[in-house]
Structures are given as structure tokens and as C-alpha cells.
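What follows is the content of start_27.cif, which has mmCIF, C-alpha atoms and all ligand atoms:
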data_my_file
#
loop_
_atom_site.label_atom_id
_atom_site.label_comp_id
_atom_site.auth_asym_id
_atom_site.auth_seq_id
_atom_site.Cartn_x
_atom_site.Cartn_y
_atom_site.Cartn_z
CA MET P 1 39.63 -25.80 37.20
CA GLU P 2 37.16 -25.82 34.30
CA LEU P 3 33.51 -25.38 35.23
CA ASP P 4 32.40 -28.88 34.14
CA GLU P 5 35.17 -30.51 36.18
CA ALA P 6 34.48 -28.24 39.17
CA LEU P 7 30.77 -29.12 39.08
CA GLN P 8 31.38 -32.85 38.77
CA ASP P 9 33.79 -32.79 41.69
CA ALA P 10 31.42 -30.69 43.83
CA TYR P 11 28.46 -32.94 43.01
CA GLN P 12 30.39 -36.08 43.95
CA TYR P 13 31.58 -34.45 47.15
CA GLY P 14 28.05 -33.31 48.08
CA CYS P 15 26.49 -36.72 47.41
CA GLN P 16 28.41 -38.15 50.37
CA PHE P 17 26.17 -36.16 52.71
CA THR P 18 22.67 -37.20 51.64
CA ASP P 19 22.15 -39.02 54.96
CA GLN P 20 22.89 -35.89 56.99
CA GLY P 21 19.92 -33.67 56.14
CA VAL P 22 16.30 -33.96 57.25
CA VAL P 23 13.46 -33.46 54.77
CA ALA P 24 11.01 -30.74 55.90
CA ASP P 25 7.68 -32.11 57.09
CA TYR P 26 5.91 -29.06 58.49
CA ILE P 27 4.47 -28.75 54.97
CA PRO P 28 3.21 -32.36 54.64
CA GLU P 29 3.72 -32.58 50.84
CA LEU P 30 7.43 -31.82 51.22
CA ALA P 31 7.93 -34.89 53.42
CA LYS P 32 7.38 -37.12 50.34
CA GLU P 33 10.69 -36.09 48.76
CA ASP P 34 13.60 -38.53 48.42
CA PRO P 35 16.60 -37.29 50.48
CA HIS P 36 18.99 -39.12 48.13
CA ARG P 37 17.94 -37.16 45.06
CA VAL P 38 20.59 -34.61 44.11
CA GLY P 39 20.65 -32.19 41.19
CA ALA P 40 23.12 -29.48 40.26
CA ALA P 41 23.40 -27.01 37.39
CA ALA P 42 26.04 -24.38 36.69
CA ILE P 43 26.18 -21.59 34.14
CA GLY P 44 29.53 -19.96 33.51
CA PRO P 45 30.40 -16.38 32.52
CA ASP P 46 30.32 -17.50 28.85
CA ASP P 47 26.74 -18.74 29.43
CA ARG P 48 27.56 -22.42 28.96
CA LEU P 49 25.37 -24.74 31.05
CA PHE P 50 26.59 -27.90 32.78
CA THR P 51 24.46 -30.27 34.83
CA MET P 52 24.91 -33.22 37.18
CA GLY P 53 22.42 -35.72 38.63
CA ASP P 54 18.71 -34.91 38.68
CA ALA P 55 19.12 -31.35 37.41
CA GLU P 56 15.73 -31.50 35.65
CA TYR P 57 13.81 -32.73 38.69
CA LYS P 58 11.18 -30.19 39.74
CA PHE P 59 10.67 -29.07 43.31
CA SER P 60 8.98 -26.11 44.99
CA ALA P 61 10.98 -22.90 45.17
CA GLN P 62 9.72 -22.10 48.70
CA SER P 63 11.84 -19.27 50.11
CA ILE P 64 13.71 -18.85 46.83
CA ALA P 65 10.46 -17.24 45.58
CA LYS P 66 11.14 -14.48 48.11
CA ILE P 67 13.71 -13.17 45.62
CA MET P 68 10.90 -12.59 43.09
CA ILE P 69 8.60 -11.11 45.73
CA TYR P 70 11.26 -8.66 46.95
CA LEU P 71 12.21 -7.80 43.38
CA GLY P 72 8.56 -6.94 42.70
CA VAL P 73 8.62 -4.60 45.69
CA LEU P 74 11.90 -2.96 44.58
CA GLU P 75 10.40 -2.45 41.11
CA ASN P 76 7.32 -0.71 42.53
CA TYR P 77 8.57 1.32 45.47
CA ASP P 78 11.67 3.33 46.45
CA LEU P 79 14.09 1.35 48.61
CA SER P 80 13.94 4.09 51.26
CA TYR P 81 10.15 3.58 51.53
CA VAL P 82 10.49 -0.24 51.55
CA ARG P 83 13.01 0.02 54.40
CA LYS P 84 10.25 1.40 56.65
CA PHE P 85 8.47 -1.96 56.41
CA ILE P 86 11.26 -4.47 55.72
CA GLY P 87 14.85 -4.21 56.96
CA VAL P 88 18.08 -5.59 55.49
CA THR P 89 19.58 -6.95 58.70
CA PRO P 90 20.58 -10.61 59.01
CA SER P 91 18.21 -12.65 61.16
CA SER P 92 19.38 -14.29 64.36
CA LYS P 93 16.48 -16.74 64.79
CA PRO P 94 14.82 -19.36 62.56
CA PHE P 95 13.13 -18.06 59.40
CA ASN P 96 9.60 -18.31 60.87
CA SER P 97 10.44 -17.01 64.34
CA ILE P 98 7.76 -15.08 66.19
CA LEU P 99 10.34 -14.01 68.76
CA GLU P 100 12.54 -12.39 66.11
CA LEU P 101 9.60 -10.32 64.90
CA GLU P 102 8.48 -9.44 68.41
CA LEU P 103 11.95 -8.16 69.33
CA SER P 104 12.85 -6.41 66.08
CA HIS P 105 13.08 -2.60 65.91
CA HIS P 106 9.54 -1.14 65.68
CA LYS P 107 8.39 -4.73 64.97
CA VAL P 108 9.55 -4.37 61.37
CA PRO P 109 10.76 -7.71 59.92
CA VAL P 110 14.54 -7.66 59.83
CA ASN P 111 14.82 -8.70 56.17
CA PRO P 112 12.77 -9.80 53.15
CA PHE P 113 14.00 -13.40 53.21
CA ILE P 114 12.53 -14.46 56.54
CA ASN P 115 8.83 -15.33 56.38
CA ALA P 116 7.59 -12.18 58.10
CA GLY P 117 9.58 -10.01 55.67
CA ALA P 118 8.29 -11.86 52.62
CA ILE P 119 4.71 -11.65 53.89
CA VAL P 120 5.08 -7.87 54.29
CA ALA P 121 6.63 -7.70 50.82
CA THR P 122 3.65 -9.61 49.41
CA SER P 123 1.28 -7.19 51.17
CA LEU P 124 3.06 -4.24 49.50
CA LEU P 125 2.56 -5.97 46.15
CA MET P 126 -1.12 -6.57 46.99
CA GLU P 127 -1.58 -2.81 47.39
CA LYS P 128 -0.59 -2.44 43.73
CA TYR P 129 -1.71 -5.65 42.09
CA ARG P 130 -4.67 -6.72 44.28
CA SER P 131 -5.99 -10.13 43.19
CA ASN P 132 -3.34 -10.37 40.43
CA THR P 133 -0.40 -10.35 42.85
CA PHE P 134 0.58 -13.99 42.40
CA GLU P 135 0.13 -13.72 38.59
CA MET P 136 2.55 -10.76 38.59
CA ILE P 137 5.15 -12.71 40.61
CA ARG P 138 4.80 -15.71 38.27
CA LYS P 139 5.10 -13.48 35.18
CA ARG P 140 8.35 -11.96 36.42
CA ALA P 141 9.70 -15.40 37.39
CA ARG P 142 8.90 -16.70 33.89
CA GLU P 143 10.56 -13.71 32.20
CA ILE P 144 13.71 -13.82 34.30
CA ILE P 145 14.21 -17.58 34.25
CA GLY P 146 13.18 -17.74 30.59
CA ASN P 147 10.67 -20.52 31.13
CA ASP P 148 7.09 -19.75 30.01
CA HIS P 149 5.82 -22.97 31.56
CA LEU P 150 6.89 -22.17 35.09
CA ASP P 151 3.89 -22.64 37.37
CA TYR P 152 2.87 -23.48 40.91
CA SER P 153 1.80 -26.84 42.29
CA HIS P 154 -1.75 -26.70 43.57
CA SER P 155 -1.25 -29.70 45.87
CA LEU P 156 1.81 -28.11 47.49
CA TYR P 157 -0.01 -24.82 47.82
CA LEU P 158 -2.95 -26.53 49.56
CA SER P 159 -0.64 -28.55 51.76
CA GLU P 160 1.09 -25.40 52.97
CA SER P 161 -2.10 -23.39 53.28
CA ASN P 162 -3.71 -26.08 55.44
CA SER P 163 -0.75 -26.27 57.81
CA ALA P 164 0.56 -22.69 57.93
CA PHE P 165 -0.29 -21.85 61.52
CA ALA P 166 3.03 -20.10 62.21
CA ASN P 167 2.73 -17.94 59.09
CA ARG P 168 -0.83 -16.99 60.05
CA ALA P 169 0.38 -16.02 63.54
CA LEU P 170 3.14 -13.86 62.02
CA THR P 171 0.66 -12.21 59.66
CA TYR P 172 -1.76 -11.30 62.46
CA MET P 173 1.13 -9.87 64.49
CA LEU P 174 2.14 -7.74 61.51
CA LEU P 175 -1.45 -6.53 61.16
CA ASN P 176 -1.65 -5.84 64.87
CA ASP P 177 1.51 -3.72 64.73
CA GLY P 178 0.41 -1.80 61.65
CA ILE P 179 3.23 -3.14 59.45
CA ILE P 180 0.60 -4.59 57.12
CA GLN P 181 -2.30 -2.32 56.12
CA SER P 182 -5.47 -3.22 58.00
CA ASP P 183 -7.59 -3.46 54.84
CA VAL P 184 -5.57 -6.41 53.52
CA ASN P 185 -7.43 -9.71 53.53
CA VAL P 186 -5.15 -12.15 55.36
CA GLU P 187 -6.21 -15.22 53.41
CA ASP P 188 -5.81 -13.48 50.03
CA LEU P 189 -2.38 -12.25 51.08
CA LEU P 190 -1.24 -15.69 52.29
CA SER P 191 -2.71 -17.35 49.22
CA ALA P 192 -0.48 -15.19 47.00
CA TYR P 193 2.54 -15.90 49.21
CA PHE P 194 1.95 -19.68 49.36
CA ARG P 195 1.38 -19.89 45.59
CA ALA P 196 4.68 -18.10 45.04
CA CYS P 197 6.41 -20.54 47.43
CA SER P 198 4.85 -23.45 45.48
CA LEU P 199 6.33 -22.36 42.14
CA MET P 200 7.95 -25.47 40.69
CA VAL P 201 11.50 -25.10 39.43
CA ASN P 202 14.45 -27.34 38.68
CA SER P 203 18.17 -26.83 39.26
CA ILE P 204 18.61 -25.48 35.72
CA ASP P 205 15.91 -22.82 36.29
CA LEU P 206 17.72 -21.76 39.47
CA ALA P 207 21.09 -21.62 37.71
CA ARG P 208 19.47 -19.33 35.12
CA LEU P 209 18.10 -17.08 37.85
CA GLY P 210 21.55 -17.03 39.46
CA ALA P 211 23.19 -16.22 36.13
CA VAL P 212 20.83 -13.29 35.43
CA LEU P 213 21.61 -11.84 38.87
CA ALA P 214 25.32 -12.50 38.26
CA HIS P 215 25.20 -10.70 34.90
CA GLU P 216 23.91 -7.52 36.53
CA GLY P 217 20.36 -8.37 35.52
CA LYS P 218 21.01 -9.32 31.90
CA GLY P 219 19.64 -12.46 30.25
CA PRO P 220 21.65 -14.77 27.96
CA ASP P 221 20.81 -12.60 24.90
CA GLY P 222 21.99 -9.43 26.68
CA LYS P 223 18.45 -8.20 27.38
CA GLN P 224 18.15 -6.28 30.65
CA LEU P 225 15.67 -8.43 32.61
CA ILE P 226 16.30 -6.90 36.03
CA ARG P 227 17.62 -3.39 36.64
CA LYS P 228 21.32 -3.45 37.46
CA GLU P 229 20.86 -1.81 40.87
CA HIS P 230 18.08 -4.23 41.78
CA ALA P 231 20.28 -7.21 40.86
CA ALA P 232 23.00 -5.75 43.12
CA THR P 233 20.56 -5.16 46.00
CA ILE P 234 19.24 -8.71 45.73
CA ARG P 235 22.73 -10.25 45.60
CA THR P 236 23.67 -8.21 48.67
CA VAL P 237 20.63 -9.32 50.66
CA MET P 238 21.25 -12.91 49.51
CA ALA P 239 24.79 -12.69 50.87
CA THR P 240 23.72 -11.28 54.23
CA CYS P 241 20.31 -12.92 54.76
CA GLY P 242 19.85 -15.71 52.15
CA THR P 243 20.56 -18.58 54.54
CA TYR P 244 18.89 -17.01 57.60
CA ASP P 245 20.70 -17.49 60.91
CA TYR P 246 23.29 -19.65 59.11
CA ALA P 247 24.46 -16.71 56.96
CA GLY P 248 27.69 -16.18 58.91
CA ASP P 249 28.71 -19.84 58.66
CA PHE P 250 27.68 -19.87 55.01
CA ALA P 251 29.84 -16.80 54.32
CA LEU P 252 32.84 -18.60 55.82
CA LEU P 253 32.20 -21.91 54.07
CA VAL P 254 30.99 -20.69 50.67
CA GLY P 255 31.28 -16.89 50.41
CA ILE P 256 28.85 -16.51 47.49
CA PRO P 257 25.47 -14.72 47.56
CA ALA P 258 22.86 -17.50 47.75
CA LYS P 259 19.26 -18.17 48.69
CA SER P 260 17.87 -21.42 49.98
CA GLY P 261 14.35 -22.82 50.25
CA VAL P 262 12.91 -25.54 52.48
CA GLY P 263 12.01 -27.45 49.32
CA GLY P 264 15.73 -28.28 49.13
CA GLY P 265 16.68 -25.81 46.43
CA PHE P 266 19.53 -23.32 46.39
CA VAL P 267 20.32 -20.54 43.97
CA ALA P 268 23.74 -18.91 44.03
CA SER P 269 25.05 -15.98 42.06
CA THR P 270 28.62 -14.74 41.88
CA LYS P 271 29.85 -11.30 40.97
CA ASN P 272 31.91 -12.60 38.08
CA GLY P 273 29.14 -14.24 36.09
CA TYR P 274 28.46 -17.71 37.50
CA GLY P 275 24.95 -18.90 38.33
CA PHE P 276 24.35 -22.14 40.25
CA GLY P 277 21.20 -24.10 41.00
CA VAL P 278 21.39 -27.03 43.41
CA TYR P 279 18.81 -29.41 44.86
CA CYS P 280 18.73 -32.01 47.62
CA PRO P 281 15.76 -31.98 50.00
CA GLY P 282 17.49 -32.98 53.26
CA LEU P 283 17.90 -29.79 55.31
CA ASP P 284 20.23 -28.60 58.06
CA SER P 285 18.72 -27.27 61.30
CA HIS P 286 18.39 -23.78 59.74
CA GLY P 287 16.33 -24.91 56.74
CA ASN P 288 19.12 -24.96 54.13
CA SER P 289 19.81 -27.99 51.92
CA TYR P 290 22.62 -29.85 53.71
CA VAL P 291 24.06 -31.27 50.51
CA GLY P 292 23.39 -27.98 48.73
CA VAL P 293 25.67 -26.11 51.13
CA ARG P 294 28.44 -28.70 50.55
CA ILE P 295 28.13 -28.62 46.76
CA LEU P 296 28.32 -24.83 46.79
CA GLN P 297 31.25 -24.95 49.22
CA LYS P 298 33.19 -27.18 46.85
CA LEU P 299 32.24 -25.16 43.77
CA SER P 300 33.42 -22.01 45.52
CA GLN P 301 36.75 -23.64 46.44
CA ASN P 302 37.27 -25.23 43.02
CA LEU P 303 36.65 -21.98 41.16
CA ASN P 304 37.98 -19.60 43.81
CA LEU P 305 34.70 -17.71 44.02
CA SER P 306 34.43 -16.50 47.62
CA ILE P 307 33.79 -12.76 47.68
CA TYR P 308 35.54 -12.34 51.01
N1 LIG P 401 6.80 -21.55 52.26
C1 LIG P 401 7.71 -21.71 53.33
C2 LIG P 401 7.19 -21.09 54.60
O1 LIG P 401 6.59 -20.05 54.55
C3 LIG P 401 9.03 -21.09 52.94
C4 LIG P 401 10.06 -21.19 54.04
C5 LIG P 401 11.45 -21.46 53.54
O2 LIG P 401 11.69 -21.94 52.44
N2 LIG P 401 12.40 -21.23 54.40
O3 LIG P 401 7.35 -21.62 55.66
#

Please lay out the structure from this file as C-alpha cells.
Ligand code: GLN
Amino acid sequence: MELDEALQDAYQYGCQFTDQGVVADYIPELAKEDPHRVGAAAIGPDDRLFTMGDAEYKFSAQSIAKIMIYLGVLENYDLSYVRKFIGVTPSSKPFNSILELELSHHKVPVNPFINAGAIVATSLLMEKYRSNTFEMIRKRAREIIGNDHLDYSHSLYLSESNSAFANRALTYMLLNDGIIQSDVNVEDLLSAYFRACSLMVNSIDLARLGAVLAHEGKGPDGKQLIRKEHAATIRTVMATCGTYDYAGDFALLVGIPAKSGVGGGFVASTKNGYGFGVYCPGLDSHGNSYVGVRILQKLSQNLNLSIY
């Protein structure tokens, strides 16, 4: 099937499920989103872009920003050093689980895509970039996505910051267990993390991010935006950990490296040069866009993209 046809078919298939997901409300601003809004964008190996629905509608990246945060860490530290503080094991509990952290080996977060792992990753960046940590994450996001206007939403940031009791609990546990350096200011650290999560993107931005990862880190003009080995590491962790404790089901259904966010976004990146960005804010019980999973499932089937 051609990419435009495959996307149209997947979009129409996914739109049947807009009543199935539940919009996140633990960040009050997110609860305002319309569960019937669907956007999808696909970039093929030849770099042609196709879109369906509200592909230009902006939403907060949320956990998709964890890709940028982890990339920043990979670009500043050796992977062997990073592994002492953040694992690469799939999580078995929800993405903000205190129990998962409590039970993990040496209390090291199992991977960089659960909240505890991303908070540790942000703390490693703070050691290098101090008060400029968020600015560094935003700069890299702008360069990779190729959108100089990419920025965070202050209202979403405040909404999360004022309600982030679970993330504060995780952060104090990480401090208590020495996984985060004791001289880090918790509120500065969380401020950088929440701003990153509040970066506003649309489905096209996410398809571009997916395409750069799919092209071994190269942008549309062939410029190396991410080192090849970092793109491979990120795709691998997306495949194993990108949808949290749903990753096994997602591998069976879709079989493409992908990362979701509770804002309703999804980025997916194939080995053979496709990048997908999908949006619909209704979530499954694991925090992944319900419609997003179905659109990606259909795209994978239509284009025979499963890596397994
Ligand atoms: N900002 C959100 C949080 O920390 C991100 C979670 C997500 O998208 N799964 O809870």
C-alpha cells in the first residue's frame, strides 16, 4: 500500500475508537482536551509528508519529551555511567509507580521513560547545565524537529507543577537513596522536567522526530542531527519501554519503536525510514493514546512494518 492510502485507512480505523479512551485529569489542564480530536502525520523513507485530521493541533509532549531528556544525557555521559543511575529494563508498573522504584535493583529507576528515570536523567543534565537545563532540552528539540518556534506552555507547566505530588514523592525517594545528588534543588529540577513535559508539539513535529530517529539521526537535508548510535539506543528503549507496562502488548499489536505521552501524543520510528506522529487525548489504562495505538497498529499492518 502507498503511504498516503495506508495513513488514510489507519486514521479512519482509529477514529472509530475515540469513545474508548479517557482524557488524563491528574494534570488539570489536560482534562480540557476534546477526546474526539484526532491528528496523524506520516513521513516516508523519501521524506514525503502526509497528514490526516487535526495534524497541526498542538498538545503537550509530556512523556515524549523524555526522549529529548535521555538524548541529552547520552550526549553528555557514557552509557555505562548512565546505566548506574537509569536502567534499560521494561517497567512492570504504571509510569509513576512508587512501588516499581522501591522494588527496583539498588533503587535505580528501571528505564528513562518512566517518571523516576526521566527525573534522574534531568538531574544528570542539571549537573552540567544548571539553571539552563530546560533551555538546553528545548534547543535540542528545536534543532531535531526543525521548528524554531517550539516552546512550552506556561499554563500547562503550572498546572502540572501545582498537582505533581507523585513526582515530588518519587524525587524525594531518589534523593533519599542517593540516586540524585543531594545538592540538587528539587524544585529547580522538577521545574526543568515539567517545562520539558509542557513543550507544545503537533503530529507533524512528532512525525519529524520519528523520521530523524528512523534515518539514523539524519535530518531531511542529510545533516546528522543525532549521532547514529544514540538514535539506535533511543529506538531500542522506545521499543522496550516506550509504552510502559503495555510494551509487550504494543510489540504484538504494532511492533514499531514508539513513545507515548499522557497529552495524547505518540511518536513512532521504524528502522526503514518511516516517522509517524499521532494524537488523540483519550488514554488507555497505561497512559497511552487509545486511538493512537490503533492508528499505529493499522499503519504497521498496512505497510508491513513490524520489526518482529
Ligand atoms: N508530565 C507527566 C508526568 O510526569 C508525563 C507522564 C506521561 O506522559 N506518561 O506525570

Surroundings of ligand LIG 401 (chain P) up to 6 Å, based on all atoms listed in the file, as number ranges by chain: P: 62-63, 95, 115, 194, 197, 261-262, 287

Would you export the selected residues with C-alpha atoms as an mmCIF file, keeping the file's coordinate frame, please?
data_model
loop_
_atom_site.group_PDB
_atom_site.id
_atom_site.type_symbol
_atom_site.label_atom_id
_atom_site.label_comp_id
_atom_site.auth_asym_id
_atom_site.auth_seq_id
_atom_site.Cartn_x
_atom_site.Cartn_y
_atom_site.Cartn_z
ATOM 1 C CA GLN P 62 9.720 -22.100 48.700
ATOM 2 C CA SER P 63 11.840 -19.270 50.110
ATOM 3 C CA PHE P 95 13.130 -18.060 59.400
ATOM 4 C CA ASN P 115 8.830 -15.330 56.380
ATOM 5 C CA PHE P 194 1.950 -19.680 49.360
ATOM 6 C CA CYS P 197 6.410 -20.540 47.430
ATOM 7 C CA GLY P 261 14.350 -22.820 50.250
ATOM 8 C CA VAL P 262 12.910 -25.540 52.480
ATOM 9 C CA GLY P 287 16.330 -24.910 56.740
#

Point-to-point distance from CA of Leu103 (chain P) to CA of Asp183 (chain P), Å rounded to tenths: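 These atoms are spaced 24.8 Å apart.
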
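Each of P:Leu7, P:Ala258, P:Ile137, P:Val267 was checked against Arg208 (chain P) using only C-alpha atoms; the smallest atom-to-atom distance is that of P:Val267.
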
Pick from P:Ala42, P:Gly53, P:Glu2, P:Glu102 nearest to Leu170 (chain P), counting all atoms listed in the file: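 Closest to Leu170 (chain P) of all the choices is P:Glu102.
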
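Nearest to Ala55 (chain P) of all the residues P:Asn202, P:Ser269, P:Gln297, P:Asn76 is P:Asn202, counting all atoms listed in the file.
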
CA of Thr270 (chain P) to CA of Pro112 (chain P), distance in Å rounded to a single decimal: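 Going from CA of Thr270 (chain P) over to CA of Pro112 (chain P), I get 20.1 Å.
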
Residues within 9 Å of Ile234 (chain P), all atoms listed in the file, excluding chain neighbours under 2 positions, as number ranges by chain: P: 67, 70-71, 213, 229-232, 236-239, 257

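We find CA of His106 (chain P) and CA of Ile119 (chain P) to be spaced 16.5 Å apart.
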
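Shortest atom-to-atom contact with Ser159 (chain P) among P:Ile27, P:Val120, P:Leu99, P:Ala251: P:Ile27, counting all atoms listed in the file.
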
Nearest-residue call for Gln181 (chain P), choices P:Ala6, P:Val278, P:Leu74, P:Leu124, using only C-alpha atoms: P:Leu124

Residue contacts of Asn132 (chain P) (12 Å, all atoms listed in the file) excluding same-chain residues fewer than 3 positions away, as a PyMOL selection string: chain P and resi 122+125-129+135-139+188-189+191-193+195

So that I have them on file, write out the residues from the current selection with C-alpha atoms, as a PDB file, in the coordinates of the input.
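Output (result_26.pdb):
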ATOM      1  CA  THR P 122       3.650  -9.610  49.410  1.00  0.00           C
ATOM      2  CA  LEU P 125       2.560  -5.970  46.150  1.00  0.00           C
ATOM      3  CA  MET P 126      -1.120  -6.570  46.990  1.00  0.00           C
ATOM      4  CA  GLU P 127      -1.580  -2.810  47.390  1.00  0.00           C
ATOM      5  CA  LYS P 128      -0.590  -2.440  43.730  1.00  0.00           C
ATOM      6  CA  TYR P 129      -1.710  -5.650  42.090  1.00  0.00           C
ATOM      7  CA  GLU P 135       0.130 -13.720  38.590  1.00  0.00           C
ATOM      8  CA  MET P 136       2.550 -10.760  38.590  1.00  0.00           C
ATOM      9  CA  ILE P 137       5.150 -12.710  40.610  1.00  0.00           C
ATOM     10  CA  ARG P 138       4.800 -15.710  38.270  1.00  0.00           C
ATOM     11  CA  LYS P 139       5.100 -13.480  35.180  1.00  0.00           C
ATOM     12  CA  ASP P 188      -5.810 -13.480  50.030  1.00  0.00           C
ATOM     13  CA  LEU P 189      -2.380 -12.250  51.080  1.00  0.00           C
ATOM     14  CA  SER P 191      -2.710 -17.350  49.220  1.00  0.00           C
ATOM     15  CA  ALA P 192      -0.480 -15.190  47.000  1.00  0.00           C
ATOM     16  CA  TYR P 193       2.540 -15.900  49.210  1.00  0.00           C
ATOM     17  CA  ARG P 195       1.380 -19.890  45.590  1.00  0.00           C
TER      18      ARG P 195
END

Shell of 9 Å around region 215-228 of chain P, all atoms listed in the file, local chain residues under 4 positions omitted, as a ChimeraX atom specification: /P:45,47,71,75,140,143-146,208,210-211,232-233,269-275

Could you save those same residues with C-alpha atoms as an mmCIF file, keeping the file's coordinate frame?
data_model
loop_
_atom_site.group_PDB
_atom_site.id
_atom_site.type_symbol
_atom_site.label_atom_id
_atom_site.label_comp_id
_atom_site.auth_asym_id
_atom_site.auth_seq_id
_atom_site.Cartn_x
_atom_site.Cartn_y
_atom_site.Cartn_z
ATOM 1 C CA PRO P 45 30.400 -16.380 32.520
ATOM 2 C CA ASP P 47 26.740 -18.740 29.430
ATOM 3 C CA LEU P 71 12.210 -7.800 43.380
ATOM 4 C CA GLU P 75 10.400 -2.450 41.110
ATOM 5 C CA ARG P 140 8.350 -11.960 36.420
ATOM 6 C CA GLU P 143 10.560 -13.710 32.200
ATOM 7 C CA ILE P 144 13.710 -13.820 34.300
ATOM 8 C CA ILE P 145 14.210 -17.580 34.250
ATOM 9 C CA GLY P 146 13.180 -17.740 30.590
ATOM 10 C CA ARG P 208 19.470 -19.330 35.120
ATOM 11 C CA GLY P 210 21.550 -17.030 39.460
ATOM 12 C CA ALA P 211 23.190 -16.220 36.130
ATOM 13 C CA ALA P 232 23.000 -5.750 43.120
ATOM 14 C CA THR P 233 20.560 -5.160 46.000
ATOM 15 C CA SER P 269 25.050 -15.980 42.060
ATOM 16 C CA THR P 270 28.620 -14.740 41.880
ATOM 17 C CA LYS P 271 29.850 -11.300 40.970
ATOM 18 C CA ASN P 272 31.910 -12.600 38.080
ATOM 19 C CA GLY P 273 29.140 -14.240 36.090
ATOM 20 C CA TYR P 274 28.460 -17.710 37.500
ATOM 21 C CA GLY P 275 24.950 -18.900 38.330
#

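Residues in contact range of Asp54 (chain P), defined as at most 7 Å between only C-alpha atoms, with sequence neighbours fewer than 4 positions away removed, read Arg37, Val38 and Gly39 of chain P.
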
Protein/DNA/RNA residues near (24.5, -32.8, 46.7), cut 12 Å, all atoms listed in the file, as a PyMOL selection string: chain P and resi 7-21+35-41+52-55+203+264-266+277-283+289-299
